[in-house]
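Visitor: Below you'll find run27.txt; it's compact mmCIF, C-alpha atoms and all ligand atoms.
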```txt
# COMPACT_ATOMS: atom_id res chain seq x y z
CA MET A 1 -50.15 18.06 39.07
CA THR A 2 -49.56 20.08 35.92
CA THR A 3 -50.76 19.85 32.35
CA GLN A 4 -48.17 20.21 29.63
CA ARG A 5 -48.96 20.97 26.02
CA LEU A 6 -47.72 18.81 23.14
CA GLY A 7 -47.89 20.53 19.75
CA VAL A 8 -48.72 17.92 17.08
CA ILE A 9 -48.44 18.67 13.36
CA MET A 10 -50.99 16.37 11.69
CA ASN A 11 -50.59 15.75 7.96
CA GLY A 12 -53.11 13.85 5.84
CA VAL A 13 -56.11 14.31 8.12
CA THR A 14 -58.49 14.81 5.20
CA GLY A 15 -57.95 11.13 4.33
CA ARG A 16 -59.88 8.13 5.65
CA MET A 17 -57.37 7.00 8.27
CA GLY A 18 -56.07 10.44 9.21
CA LEU A 19 -59.57 11.75 9.88
CA ASN A 20 -61.39 8.81 11.46
CA GLN A 21 -58.77 6.90 13.41
CA HIS A 22 -56.15 9.53 14.15
CA LEU A 23 -57.91 12.89 14.46
CA ILE A 24 -61.37 11.92 15.71
CA ARG A 25 -60.86 8.66 17.58
CA SER A 26 -57.36 9.37 18.90
CA ILE A 27 -56.23 12.98 19.28
CA LEU A 28 -59.67 14.56 19.81
CA ALA A 29 -60.75 11.64 22.04
CA ILE A 30 -57.60 12.08 24.14
CA ARG A 31 -58.34 15.81 24.43
CA ASP A 32 -61.93 15.09 25.44
CA ARG A 33 -60.74 12.79 28.20
CA GLY A 34 -58.39 15.40 29.65
CA GLY A 35 -55.13 14.34 27.99
CA VAL A 36 -52.66 11.52 28.60
CA VAL A 37 -51.75 10.87 32.25
CA LEU A 38 -48.03 10.37 32.90
CA LYS A 39 -46.51 8.23 35.69
CA ASN A 40 -45.99 11.24 37.96
CA GLY A 41 -49.65 12.25 37.60
CA ASP A 42 -48.99 15.12 35.17
CA ARG A 43 -51.11 15.32 32.05
CA VAL A 44 -50.13 15.88 28.44
CA MET A 45 -52.65 17.67 26.27
CA PRO A 46 -52.07 17.27 22.52
CA ASP A 47 -52.56 20.53 20.63
CA PRO A 48 -52.95 19.63 16.94
CA ILE A 49 -52.33 21.81 13.90
CA LEU A 50 -54.00 20.32 10.82
CA VAL A 51 -51.93 20.41 7.62
CA GLY A 52 -53.19 19.73 4.11
CA ARG A 53 -52.95 20.87 0.50
CA ASP A 54 -56.55 22.00 0.08
CA ALA A 55 -57.22 25.05 2.26
CA GLY A 56 -60.99 24.70 1.95
CA LYS A 57 -60.98 21.09 3.11
CA VAL A 58 -58.55 21.62 5.99
CA GLU A 59 -60.30 24.74 7.23
CA GLY A 60 -63.63 22.92 6.96
CA LEU A 61 -62.32 20.07 9.11
CA ALA A 62 -60.80 22.44 11.65
CA LYS A 63 -64.14 24.26 12.00
CA ARG A 64 -66.17 21.05 12.13
CA PHE A 65 -64.08 19.64 14.97
CA ASN A 66 -63.25 22.90 16.76
CA VAL A 67 -59.54 22.66 16.11
CA PRO A 68 -58.23 26.24 16.26
CA ARG A 69 -55.06 25.72 14.21
CA TRP A 70 -54.73 24.67 10.56
CA THR A 71 -52.45 25.50 7.61
CA THR A 72 -51.46 24.58 4.07
CA ASP A 73 -47.87 25.63 4.77
CA LEU A 74 -46.05 22.49 5.90
CA ASP A 75 -42.62 24.18 5.92
CA GLY A 76 -43.97 26.91 8.17
CA ALA A 77 -45.50 24.34 10.52
CA LEU A 78 -42.24 22.39 10.71
CA ALA A 79 -40.33 25.60 11.45
CA ASP A 80 -42.42 26.28 14.57
CA GLN A 81 -40.33 25.17 17.56
CA ASN A 82 -43.43 24.98 19.74
CA ASP A 83 -44.77 21.96 17.83
CA THR A 84 -42.45 19.05 18.50
CA LEU A 85 -44.25 16.05 17.02
CA PHE A 86 -44.99 15.40 13.34
CA PHE A 87 -47.61 12.84 12.29
CA ASP A 88 -48.33 11.60 8.77
CA ALA A 89 -51.29 9.63 7.41
CA ALA A 90 -51.19 10.85 3.80
CA THR A 91 -50.25 8.61 0.89
CA THR A 92 -47.51 6.06 1.40
CA GLN A 93 -45.37 7.25 -1.50
CA ALA A 94 -44.91 10.72 -0.05
CA ARG A 95 -44.13 9.43 3.49
CA PRO A 96 -40.32 8.92 3.49
CA GLN A 97 -39.75 12.41 2.10
CA LEU A 98 -42.13 13.98 4.63
CA LEU A 99 -40.58 12.06 7.53
CA THR A 100 -37.10 13.08 6.36
CA GLN A 101 -38.17 16.73 6.27
CA ALA A 102 -39.72 16.52 9.74
CA ILE A 103 -36.76 14.69 11.28
CA ASN A 104 -34.37 17.24 9.78
CA ALA A 105 -36.49 19.94 11.41
CA GLY A 106 -35.84 18.17 14.75
CA LYS A 107 -39.36 16.78 15.21
CA HIS A 108 -40.30 13.46 16.78
CA VAL A 109 -42.21 11.47 14.14
CA TYR A 110 -45.15 9.11 14.20
CA CYS A 111 -46.86 7.75 11.09
CA GLU A 112 -49.20 5.32 9.40
CA LYS A 113 -47.94 2.13 7.81
CA PRO A 114 -46.20 1.30 5.54
CA ILE A 115 -43.39 3.73 6.33
CA ALA A 116 -42.26 3.63 2.67
CA THR A 117 -42.97 1.73 -0.53
CA ASN A 118 -39.45 0.20 -0.61
CA LEU A 119 -36.87 -0.98 1.90
CA GLU A 120 -34.11 1.37 0.79
CA GLU A 121 -36.18 4.47 1.58
CA ALA A 122 -37.54 2.88 4.77
CA LEU A 123 -34.05 2.15 6.12
CA ALA A 124 -32.77 5.60 5.17
CA VAL A 125 -35.49 7.15 7.34
CA VAL A 126 -34.73 4.77 10.23
CA LYS A 127 -31.03 5.66 10.06
CA LEU A 128 -31.72 9.38 9.96
CA ALA A 129 -34.17 9.16 12.88
CA ASN A 130 -31.67 7.23 15.00
CA ALA A 131 -28.80 9.56 14.07
CA ARG A 132 -30.86 12.61 15.05
CA GLY A 133 -31.91 11.03 18.33
CA ILE A 134 -35.57 11.87 17.88
CA LYS A 135 -38.38 9.61 19.09
CA HIS A 136 -40.10 7.66 16.32
CA GLY A 137 -42.95 5.26 15.87
CA THR A 138 -45.34 3.75 13.38
CA VAL A 139 -48.88 2.40 13.60
CA GLN A 140 -49.17 -1.35 14.28
CA ASP A 141 -52.87 -1.24 15.04
CA LYS A 142 -53.81 -4.89 14.50
CA LEU A 143 -51.94 -5.88 17.68
CA PHE A 144 -54.39 -3.73 19.62
CA LEU A 145 -57.52 -5.42 18.27
CA PRO A 146 -59.43 -7.21 21.05
CA GLY A 147 -59.48 -10.45 19.02
CA LEU A 148 -55.71 -10.48 18.65
CA LYS A 149 -55.18 -9.41 22.26
CA LYS A 150 -57.19 -12.47 23.24
CA LEU A 151 -54.87 -14.65 21.13
CA ALA A 152 -51.85 -13.17 22.95
CA PHE A 153 -53.59 -13.85 26.26
CA LEU A 154 -54.20 -17.50 25.27
CA ARG A 155 -50.61 -17.90 24.10
CA ASP A 156 -49.26 -16.45 27.37
CA SER A 157 -51.46 -18.79 29.42
CA GLY A 158 -50.02 -21.83 27.62
CA PHE A 159 -53.43 -22.72 26.17
CA PHE A 160 -52.10 -23.83 22.77
CA GLY A 161 -49.43 -26.24 24.01
CA ARG A 162 -47.02 -26.40 21.06
CA MET A 163 -48.31 -23.99 18.45
CA LEU A 164 -48.50 -25.64 15.05
CA SER A 165 -50.11 -23.38 12.49
CA VAL A 166 -51.91 -20.12 11.84
CA ARG A 167 -54.50 -19.68 9.07
CA GLY A 168 -55.51 -16.12 8.29
CA GLU A 169 -58.38 -15.08 6.04
CA PHE A 170 -58.53 -11.38 5.25
CA GLY A 171 -60.77 -9.66 2.79
CA TYR A 172 -64.10 -8.56 1.47
CA TRP A 173 -65.55 -7.27 -1.77
CA VAL A 174 -64.41 -3.77 -2.71
CA PHE A 175 -66.90 -2.41 -5.21
CA GLU A 176 -65.51 -1.66 -8.63
CA GLY A 177 -66.97 1.85 -8.52
CA ASP A 178 -69.19 1.74 -11.60
CA TRP A 179 -72.72 1.19 -10.31
CA GLN A 180 -71.80 1.24 -6.60
CA GLU A 181 -69.23 3.63 -5.14
CA ALA A 182 -65.95 1.94 -4.14
CA GLN A 183 -65.32 1.93 -0.39
CA ARG A 184 -61.55 2.36 -0.71
CA PRO A 185 -59.50 5.07 -2.46
CA SER A 186 -58.62 4.39 -6.12
CA TRP A 187 -54.83 4.77 -5.56
CA ASN A 188 -55.01 1.45 -3.65
CA TYR A 189 -55.50 -0.30 -7.01
CA ARG A 190 -52.64 1.41 -8.91
CA THR A 191 -49.08 0.19 -8.34
CA GLU A 192 -47.69 3.46 -9.68
CA ASP A 193 -49.49 5.35 -6.89
CA GLY A 194 -48.35 3.08 -4.03
CA GLY A 195 -51.29 0.67 -4.20
CA GLY A 196 -51.48 -3.12 -4.01
CA ILE A 197 -52.76 -5.57 -1.40
CA ILE A 198 -49.28 -7.04 -0.83
CA LEU A 199 -47.82 -3.65 0.11
CA ASP A 200 -50.91 -2.77 2.12
CA MET A 201 -51.36 -5.99 4.09
CA ILE A 202 -48.05 -7.89 4.24
CA CYS A 203 -46.57 -5.08 6.34
CA HIS A 204 -49.39 -5.70 8.86
CA TRP A 205 -48.81 -9.45 8.82
CA ARG A 206 -45.10 -8.93 9.61
CA TYR A 207 -45.73 -7.39 13.02
CA VAL A 208 -48.75 -9.62 13.74
CA LEU A 209 -46.75 -12.80 13.08
CA ASP A 210 -43.51 -11.54 14.70
CA ASN A 211 -45.27 -10.47 17.88
CA LEU A 212 -47.82 -13.26 18.31
CA PHE A 213 -46.51 -16.45 16.76
CA GLY A 214 -42.77 -16.20 15.97
CA GLU A 215 -40.49 -14.04 13.81
CA VAL A 216 -40.94 -14.51 10.08
CA GLU A 217 -38.00 -16.44 8.61
CA SER A 218 -39.17 -17.05 5.05
CA ILE A 219 -42.10 -16.38 2.75
CA SER A 220 -43.74 -17.75 -0.36
CA CYS A 221 -46.30 -15.47 -1.99
CA PHE A 222 -48.44 -15.33 -5.11
CA GLY A 223 -50.46 -12.27 -6.11
CA THR A 224 -53.13 -11.60 -8.71
CA THR A 225 -55.08 -8.69 -10.14
CA ASP A 226 -58.57 -10.12 -10.11
CA ILE A 227 -60.43 -6.98 -11.16
CA PRO A 228 -58.47 -5.27 -13.95
CA GLU A 229 -60.69 -2.20 -14.40
CA ARG A 230 -62.23 0.02 -11.75
CA TRP A 231 -63.88 3.46 -11.50
CA ASP A 232 -62.30 6.26 -9.44
CA GLU A 233 -63.65 8.96 -7.10
CA LYS A 234 -64.72 11.03 -10.12
CA ASN A 235 -66.37 8.04 -11.75
CA ARG A 236 -63.64 7.76 -14.38
CA LYS A 237 -62.70 4.28 -15.54
CA TYR A 238 -59.06 3.36 -14.82
CA LYS A 239 -56.75 0.39 -15.24
CA ALA A 240 -56.19 -1.41 -11.94
CA THR A 241 -52.47 -2.13 -12.21
CA ALA A 242 -51.96 -3.39 -8.64
CA ASP A 243 -52.46 -6.82 -7.08
CA ASP A 244 -55.84 -7.07 -5.32
CA SER A 245 -55.52 -10.65 -4.01
CA ALA A 246 -52.54 -12.56 -2.62
CA TYR A 247 -51.85 -15.91 -1.02
CA ALA A 248 -48.84 -16.07 1.29
CA THR A 249 -47.24 -18.80 3.37
CA PHE A 250 -44.76 -17.95 6.11
CA ARG A 251 -42.30 -20.07 8.07
CA LEU A 252 -41.79 -18.69 11.54
CA ASN A 253 -39.01 -18.99 14.06
CA GLY A 254 -40.02 -21.77 16.46
CA GLY A 255 -41.56 -23.90 13.73
CA VAL A 256 -45.04 -22.44 13.28
CA ILE A 257 -46.36 -22.35 9.69
CA ALA A 258 -48.67 -19.44 8.89
CA HIS A 259 -50.76 -19.04 5.79
CA ILE A 260 -52.76 -15.91 5.03
CA ASN A 261 -55.16 -15.34 2.14
CA MET A 262 -55.92 -11.69 1.44
CA SER A 263 -58.34 -10.33 -1.10
CA TRP A 264 -60.44 -7.33 -2.06
CA ALA A 265 -62.33 -9.60 -4.45
CA THR A 266 -63.93 -12.11 -2.11
CA ARG A 267 -67.33 -12.28 -0.45
CA VAL A 268 -67.41 -12.82 3.30
CA TYR A 269 -68.70 -16.14 4.64
CA ARG A 270 -66.90 -16.23 7.97
CA ASP A 271 -67.24 -14.53 11.34
CA ASP A 272 -65.32 -11.35 10.52
CA LEU A 273 -63.43 -9.38 7.85
CA VAL A 274 -60.25 -10.92 9.16
CA THR A 275 -60.02 -14.22 11.04
CA PHE A 276 -57.05 -16.18 12.35
CA GLN A 277 -57.29 -19.84 13.27
CA VAL A 278 -54.44 -20.97 15.50
CA ASP A 279 -53.97 -24.70 16.04
CA GLY A 280 -51.84 -26.08 18.85
CA THR A 281 -51.31 -29.51 20.39
CA HIS A 282 -53.44 -28.57 23.42
CA GLY A 283 -56.01 -26.25 21.93
CA SER A 284 -57.19 -24.19 18.98
CA ALA A 285 -58.54 -20.66 18.72
CA VAL A 286 -60.26 -18.61 16.04
CA ALA A 287 -60.07 -14.84 16.45
CA GLY A 288 -61.78 -12.07 14.51
CA LEU A 289 -61.44 -8.33 15.05
CA THR A 290 -63.10 -8.49 18.45
CA ASP A 291 -64.20 -12.02 19.34
CA CYS A 292 -62.23 -15.18 19.94
CA MET A 293 -63.51 -18.77 20.11
CA ILE A 294 -61.58 -21.66 21.62
CA GLN A 295 -61.66 -25.45 21.65
CA ALA A 296 -59.42 -27.27 24.11
CA ARG A 297 -57.87 -30.68 23.52
CA GLN A 298 -60.20 -32.19 26.11
CA ALA A 299 -63.26 -30.72 24.36
CA THR A 300 -62.34 -31.82 20.85
CA PRO A 301 -65.10 -33.97 19.28
CA ARG A 302 -64.27 -37.01 17.16
CA PRO A 303 -65.16 -36.09 13.60
CA VAL A 304 -65.81 -39.01 11.28
CA TRP A 305 -65.51 -38.53 7.52
CA ASN A 306 -68.67 -39.83 5.89
CA PRO A 307 -69.72 -38.20 2.62
CA ASP A 308 -72.57 -40.70 2.21
CA GLU A 309 -74.67 -39.07 4.89
CA LYS A 310 -75.81 -35.48 5.17
CA ARG A 311 -73.96 -33.59 7.89
CA THR A 312 -76.00 -33.11 11.05
CA HIS A 313 -73.27 -32.10 13.48
CA ASP A 314 -72.96 -28.39 14.29
CA PHE A 315 -69.19 -27.89 14.44
CA TYR A 316 -69.55 -24.29 15.62
CA ALA A 317 -71.39 -25.48 18.73
CA ASP A 318 -68.23 -27.23 19.94
CA TRP A 319 -66.45 -23.91 20.55
CA GLN A 320 -66.43 -21.61 23.55
CA SER A 321 -66.10 -17.85 23.61
CA VAL A 322 -63.20 -16.11 25.41
CA PRO A 323 -65.01 -13.80 27.85
CA GLU A 324 -64.58 -10.03 27.94
CA ASN A 325 -62.87 -9.81 31.32
CA THR A 326 -61.44 -6.43 30.50
CA THR A 327 -62.44 -3.35 28.51
CA TYR A 328 -60.85 -2.56 25.17
CA ASP A 329 -60.16 0.98 24.01
CA ASN A 330 -59.68 2.07 20.39
CA GLY A 331 -56.35 0.54 19.35
CA PHE A 332 -55.17 3.59 17.43
CA LYS A 333 -55.82 5.77 20.50
CA GLU A 334 -54.06 3.32 22.79
CA GLN A 335 -51.01 3.39 20.56
CA TRP A 336 -51.08 7.20 20.39
CA GLU A 337 -51.14 7.32 24.20
CA MET A 338 -48.15 4.96 24.38
CA PHE A 339 -46.24 7.06 21.89
CA ILE A 340 -47.05 10.32 23.72
CA ARG A 341 -45.72 8.75 26.94
CA HIS A 342 -42.62 7.69 25.02
CA VAL A 343 -42.08 11.28 23.86
CA CYS A 344 -42.92 12.98 27.16
CA GLU A 345 -41.54 10.65 29.84
CA ASP A 346 -39.31 8.32 27.80
CA ALA A 347 -41.62 5.34 28.39
CA PRO A 348 -40.57 2.25 26.40
CA TYR A 349 -42.05 2.04 22.91
CA LYS A 350 -41.63 -1.05 20.79
CA TYR A 351 -43.27 -0.04 17.51
CA THR A 352 -40.45 2.08 16.08
CA LEU A 353 -39.66 2.96 12.47
CA LEU A 354 -37.30 -0.05 12.42
CA GLU A 355 -40.30 -2.30 13.12
CA GLY A 356 -42.07 -0.49 10.29
CA ALA A 357 -39.10 -1.12 7.99
CA LYS A 358 -39.35 -4.85 8.78
CA GLY A 359 -42.86 -4.74 7.34
CA VAL A 360 -41.58 -3.11 4.15
CA GLN A 361 -38.80 -5.70 3.98
CA LEU A 362 -41.35 -8.54 4.07
CA VAL A 363 -43.36 -6.81 1.32
CA GLU A 364 -40.25 -6.79 -0.88
CA CYS A 365 -39.61 -10.47 -0.11
CA ALA A 366 -43.24 -11.28 -0.99
CA LEU A 367 -43.03 -9.43 -4.31
CA GLN A 368 -39.74 -11.15 -5.11
CA SER A 369 -41.23 -14.56 -4.25
CA TRP A 370 -44.18 -13.90 -6.57
CA LYS A 371 -41.93 -12.70 -9.38
CA GLU A 372 -39.38 -15.53 -9.09
CA ARG A 373 -41.92 -18.19 -8.00
CA ARG A 374 -39.85 -19.40 -5.04
CA TRP A 375 -39.40 -19.19 -1.24
CA ILE A 376 -37.48 -16.12 -0.05
CA ASP A 377 -35.58 -16.05 3.25
CA VAL A 378 -36.00 -12.93 5.36
CA SER A 379 -32.68 -11.67 6.70
CA PRO A 380 -32.43 -10.04 10.15
CA LEU A 381 -32.85 -6.29 9.80
CA LYS A 382 -30.72 -3.78 11.67
CA ALA A 383 -30.69 -0.03 11.35
N1 LIG A 401 -53.41 1.10 9.71
C1 LIG A 401 -54.32 0.72 8.85
O1 LIG A 401 -55.06 -0.24 9.08
C2 LIG A 401 -54.49 1.46 7.57
C3 LIG A 401 -55.66 1.30 6.82
C4 LIG A 401 -55.81 2.01 5.63
C5 LIG A 401 -54.78 2.84 5.20
N2 LIG A 401 -53.63 2.96 5.94
C6 LIG A 401 -52.53 3.83 5.49
O2 LIG A 401 -52.90 5.18 5.71
C7 LIG A 401 -52.43 6.00 4.65
C8 LIG A 401 -53.60 6.78 4.05
O3 LIG A 401 -54.56 5.86 3.55
P1 LIG A 401 -56.09 6.28 3.40
O4 LIG A 401 -56.81 5.01 3.12
O5 LIG A 401 -56.50 7.13 4.54
O6 LIG A 401 -56.01 7.13 2.06
P2 LIG A 401 -56.87 8.38 1.58
O7 LIG A 401 -56.71 8.44 0.10
O8 LIG A 401 -58.25 8.34 2.16
O9 LIG A 401 -56.11 9.62 2.25
C9 LIG A 401 -54.88 10.08 1.79
C10 LIG A 401 -54.61 11.47 2.33
O10 LIG A 401 -53.39 11.94 1.76
C11 LIG A 401 -53.59 13.19 1.12
N3 LIG A 401 -52.70 13.23 -0.04
C12 LIG A 401 -52.83 12.53 -1.18
N4 LIG A 401 -51.82 12.83 -2.02
C13 LIG A 401 -51.05 13.71 -1.38
C14 LIG A 401 -49.87 14.41 -1.72
N5 LIG A 401 -49.28 14.23 -2.90
N6 LIG A 401 -49.35 15.25 -0.80
C15 LIG A 401 -49.95 15.42 0.39
N7 LIG A 401 -51.08 14.80 0.76
C16 LIG A 401 -51.62 13.97 -0.10
C17 LIG A 401 -55.05 13.20 0.75
O11 LIG A 401 -55.52 14.52 0.59
C18 LIG A 401 -55.65 12.53 1.98
O12 LIG A 401 -55.73 13.44 3.06
C19 LIG A 401 -51.72 5.07 3.67
O13 LIG A 401 -50.34 5.10 3.91
C20 LIG A 401 -52.27 3.70 4.01
O14 LIG A 401 -51.35 2.66 3.74
C21 LIG A 401 -53.50 2.29 7.10
```
With the file now loaded, output its structure as structure tokens.
Ligand SMILES: NC(=O)c1ccc[n+]([C@@H]2O[C@H](COP(=O)([O-])OP(=O)(O)OC[C@H]3O[C@@H](n4cnc5c(N)ncnc54)[C@H](O)[C@@H]3O)[C@@H](O)[C@H]2O)c1
Guide:
Amino acid sequence: MTTQRLGVIMNGVTGRMGLNQHLIRSILAIRDRGGVVLKNGDRVMPDPILVGRDAGKVEGLAKRFNVPRWTTDLDGALADQNDTLFFDAATTQARPQLLTQAINAGKHVYCEKPIATNLEEALAVVKLANARGIKHGTVQDKLFLPGLKKLAFLRDSGFFGRMLSVRGEFGYWVFEGDWQEAQRPSWNYRTEDGGGIILDMICHWRYVLDNLFGEVESISCFGTTDIPERWDEKNRKYKATADDSAYATFRLNGGVIAHINMSWATRVYRDDLVTFQVDGTHGSAVAGLTDCMIQARQATPRPVWNPDEKRTHDFYADWQSVPENTTYDNGFKEQWEMFIRHVCEDAPYKYTLLEGAKGVQLVECALQSWKERRWIDVSPLKA
């Protein structure tokens, strides 16, 4: 049994996602557990080099987490033949250019979503990656949430019978930033900087719907900017130009109708920050990030509409919890491990840049639907 090294150039690790999910909970966690085990028993140990614009910040991170290698020279890092994988979690707008640079340097690439802010750039990167024959992938983390894994498990068991509809509620209040610090970066609320809830979330819903309930065939979407002024990281007031709430309906292959509300201007009165209710002829399920409740056809009570009497029935008590019969790892880490196996032993990997481009395609369809106030069909996407 041998241990091979995998040099990983990590860009954007001073950001929220890059630091928490990718550096700490994925790459460093994989290192702590002795690397990724391949089929033949060999191990792959990722050896990251942290890349960023601000030397002080990157060096500080490297020291804090005992990562020996860091740089502000991206070109230099890409020129090093010993580091074969490039990862990006910096801002979305810069991503296609960075991926292009890395692919042209012969690197395998892995990145956060969305892979671009528009379909043209997304497809150009997919084409280049395929032409160069490098391995590529993008984050599709929601599929790895325990709650959504439980939905897939129920679907595979035939629990739902004929699936009818999916209702998604996503959102929470993001503070404006004046008297309480905002919990998300300010660029998220400026269209000109790659912000907007449609761009941010519809690309997630594409792979969630495609993989769990049926491929998206058409979309109707309406967006709003509910909070027009916010305060940034330096406490400066700015105009929030991007949509911060959206309401989208999707028609899926196979006949399922999905509707998802998404908002950064809503207060949570539900079991989780995102919930999906799936109704089928034989059973229904409601999943959050981790938990999933079910009600089978045979256990469905007979509700009677009677507004003249105060409700006494506890509807929540009619549901049963899907048990934790397995353990769930961090989804970002699990996906990193899959991608590392894809790079090192050619293991199959479904979540390619083309899948990422499909997300961007649906974003464009959603924006077009909002602008033109009509349903938009989603055409099959090929590289
Ligand atoms: N998978 C998910 O659930 C999820 C959640 C949130 C964000 N994201 C995605 O992750 C990415 C980063 O989002 P975030 O919330 O971590 O943002 P963030 O603002 O916290 O981090 C952005 C990072 O990019 C760097 N950066 C900014 N401008 C840059 C530039 N011009 N050149 C190079 N680096 C630059 C910043 O220094 C920082 O390291 C976005 O693409 C976003 O869509 C994904």
Visitor: Let me know the centre plus edge lengths, in Å and rounded to one decimal, of a box with edges along x, y and z that contains all listed atoms of ligand LIG 401 (chain A) and is padded by 3 Å on every side, as JSON.
Guide:
```
{"center_x": -53.8, "center_y": 7.6, "center_z": 3.4, "size_x": 15.0, "size_y": 21.7, "size_z": 18.6}
```
Visitor: Return as a PyMOL selection string every polymer residue, whether protein, DNA or RNA, with at least one atom no more than 8 Å from an atom of ligand LIG 401 (chain A); count only C-alpha atoms and all ligand atoms.
Guide: chain A and resi 11-19+52-54+89-95+112-115+139-142+184-188+200+204
Visitor: Give me the residues within 8 Å of stretch 165-175 of chain A as a list in words, counting only C-alpha atoms and dropping any in the same chain fewer than 2 places off.
Guide: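 Using only C-alpha atoms, the neighbours found are Met163, Gly177, Asp178, Gln180, Glu181, Ala182, Gln183, Arg184, Val256, Ile257, Ala258, His259, Ile260, Asn261, Met262, Ser263, Trp264, Ala265, Thr266, Arg267, Val268, Leu273, Val274, Thr275, Phe276, Gln277, Val278, Asp279 and Gly280 of chain A.
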Visitor: Could you name the residues that touch A:Ile27 at 12 Å or less, counting all atoms listed in the file, but leaving out those on the same chain fewer than 6 positions away, as a PyMOL selection string?
Guide: chain A and resi 6-10+13+18-21+33-36+44-50+65+67+87+330+332-337+339-340
Visitor: Report as a ChimeraX atom specification all protein, DNA and RNA residues lying within 10 Å of A:Asp329, evaluated on only C-alpha atoms, omitting residues in the same chain fewer than 5 positions from it.
Guide: /A:144-146,334
Visitor: Can you tell me, as a PDB file with C-alpha atoms, in the coordinates of the input, what residues are no more than 8 Å from A:Leu143 when counting all atoms listed in the file, ignoring any on the same chain fewer than 5 positions away?
Guide:
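Final output, saved to result.pdb:
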```pdb
ATOM      1  CA  LEU A 148     -55.710 -10.480  18.650  1.00  0.00           C
ATOM      2  CA  LYS A 149     -55.180  -9.410  22.260  1.00  0.00           C
ATOM      3  CA  TYR A 207     -45.730  -7.390  13.020  1.00  0.00           C
ATOM      4  CA  VAL A 208     -48.750  -9.620  13.740  1.00  0.00           C
ATOM      5  CA  GLY A 331     -56.350   0.540  19.350  1.00  0.00           C
TER       6      GLY A 331
END
```
Visitor: So, with all atoms listed in the file as the atoms that count, which of A:Tyr269, A:Phe153, A:Trp205, A:Trp231 lies closest to A:Pro323?
Guide: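 Ranked by minimum distance to A:Pro323, first place goes to A:Phe153.
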Visitor: Measure the distance from atom CA of A:Asp243 to atom CA of A:Ile198 in Å and round it to one decimal.
Guide: 7.0 Å
Visitor: For A:Gly161, find every residue with an atom within 8 Å (counting only C-alpha atoms), except residues of its own chain fewer than 5 positions away, and show them as a PyMOL selection string.
Guide: chain A and resi 280-283
Visitor: Between atom CA of A:Ala366 and atom CA of A:Ala116, what distance in Å does the model show, to one decimal?
Guide: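 For atom CA of A:Ala366 relative to atom CA of A:Ala116, the distance reads 15.4 Å.
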Visitor: Which one of A:Val216, A:Ala29, A:Cys203, A:Val37 sits closest to A:Thr3 if you count all atoms listed in the file?
Guide: A:Val37
Visitor: Tell me, in Å to one decimal, how far atom CA of A:Val51 is from atom CA of A:Asn104.
Guide: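 We find that atom CA of A:Val51 and atom CA of A:Asn104 lie 18.0 Å from each other.
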Visitor: Choose the residue, out of A:Cys221, A:Val322, A:Ala131, A:Val58, that has the smallest atom-to-atom separation from A:Thr71; count all atoms listed in the file.
Guide: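 Once distances to A:Thr71 are computed over all atoms listed in the file, the minimum belongs to A:Val58.
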Visitor: Pick the closest to A:Thr191 from A:Glu215, A:Asp232, A:Asp32, A:Asp244: which is it, counting all atoms listed in the file?
Guide: A:Asp244
Visitor: Pick from A:Ile202, A:Ala152, A:Met293, A:Leu28: nearest to A:Leu367, with all atoms listed in the file counted?
Guide: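 Using all atoms listed in the file, the shortest distance to A:Leu367 belongs to A:Ile202.
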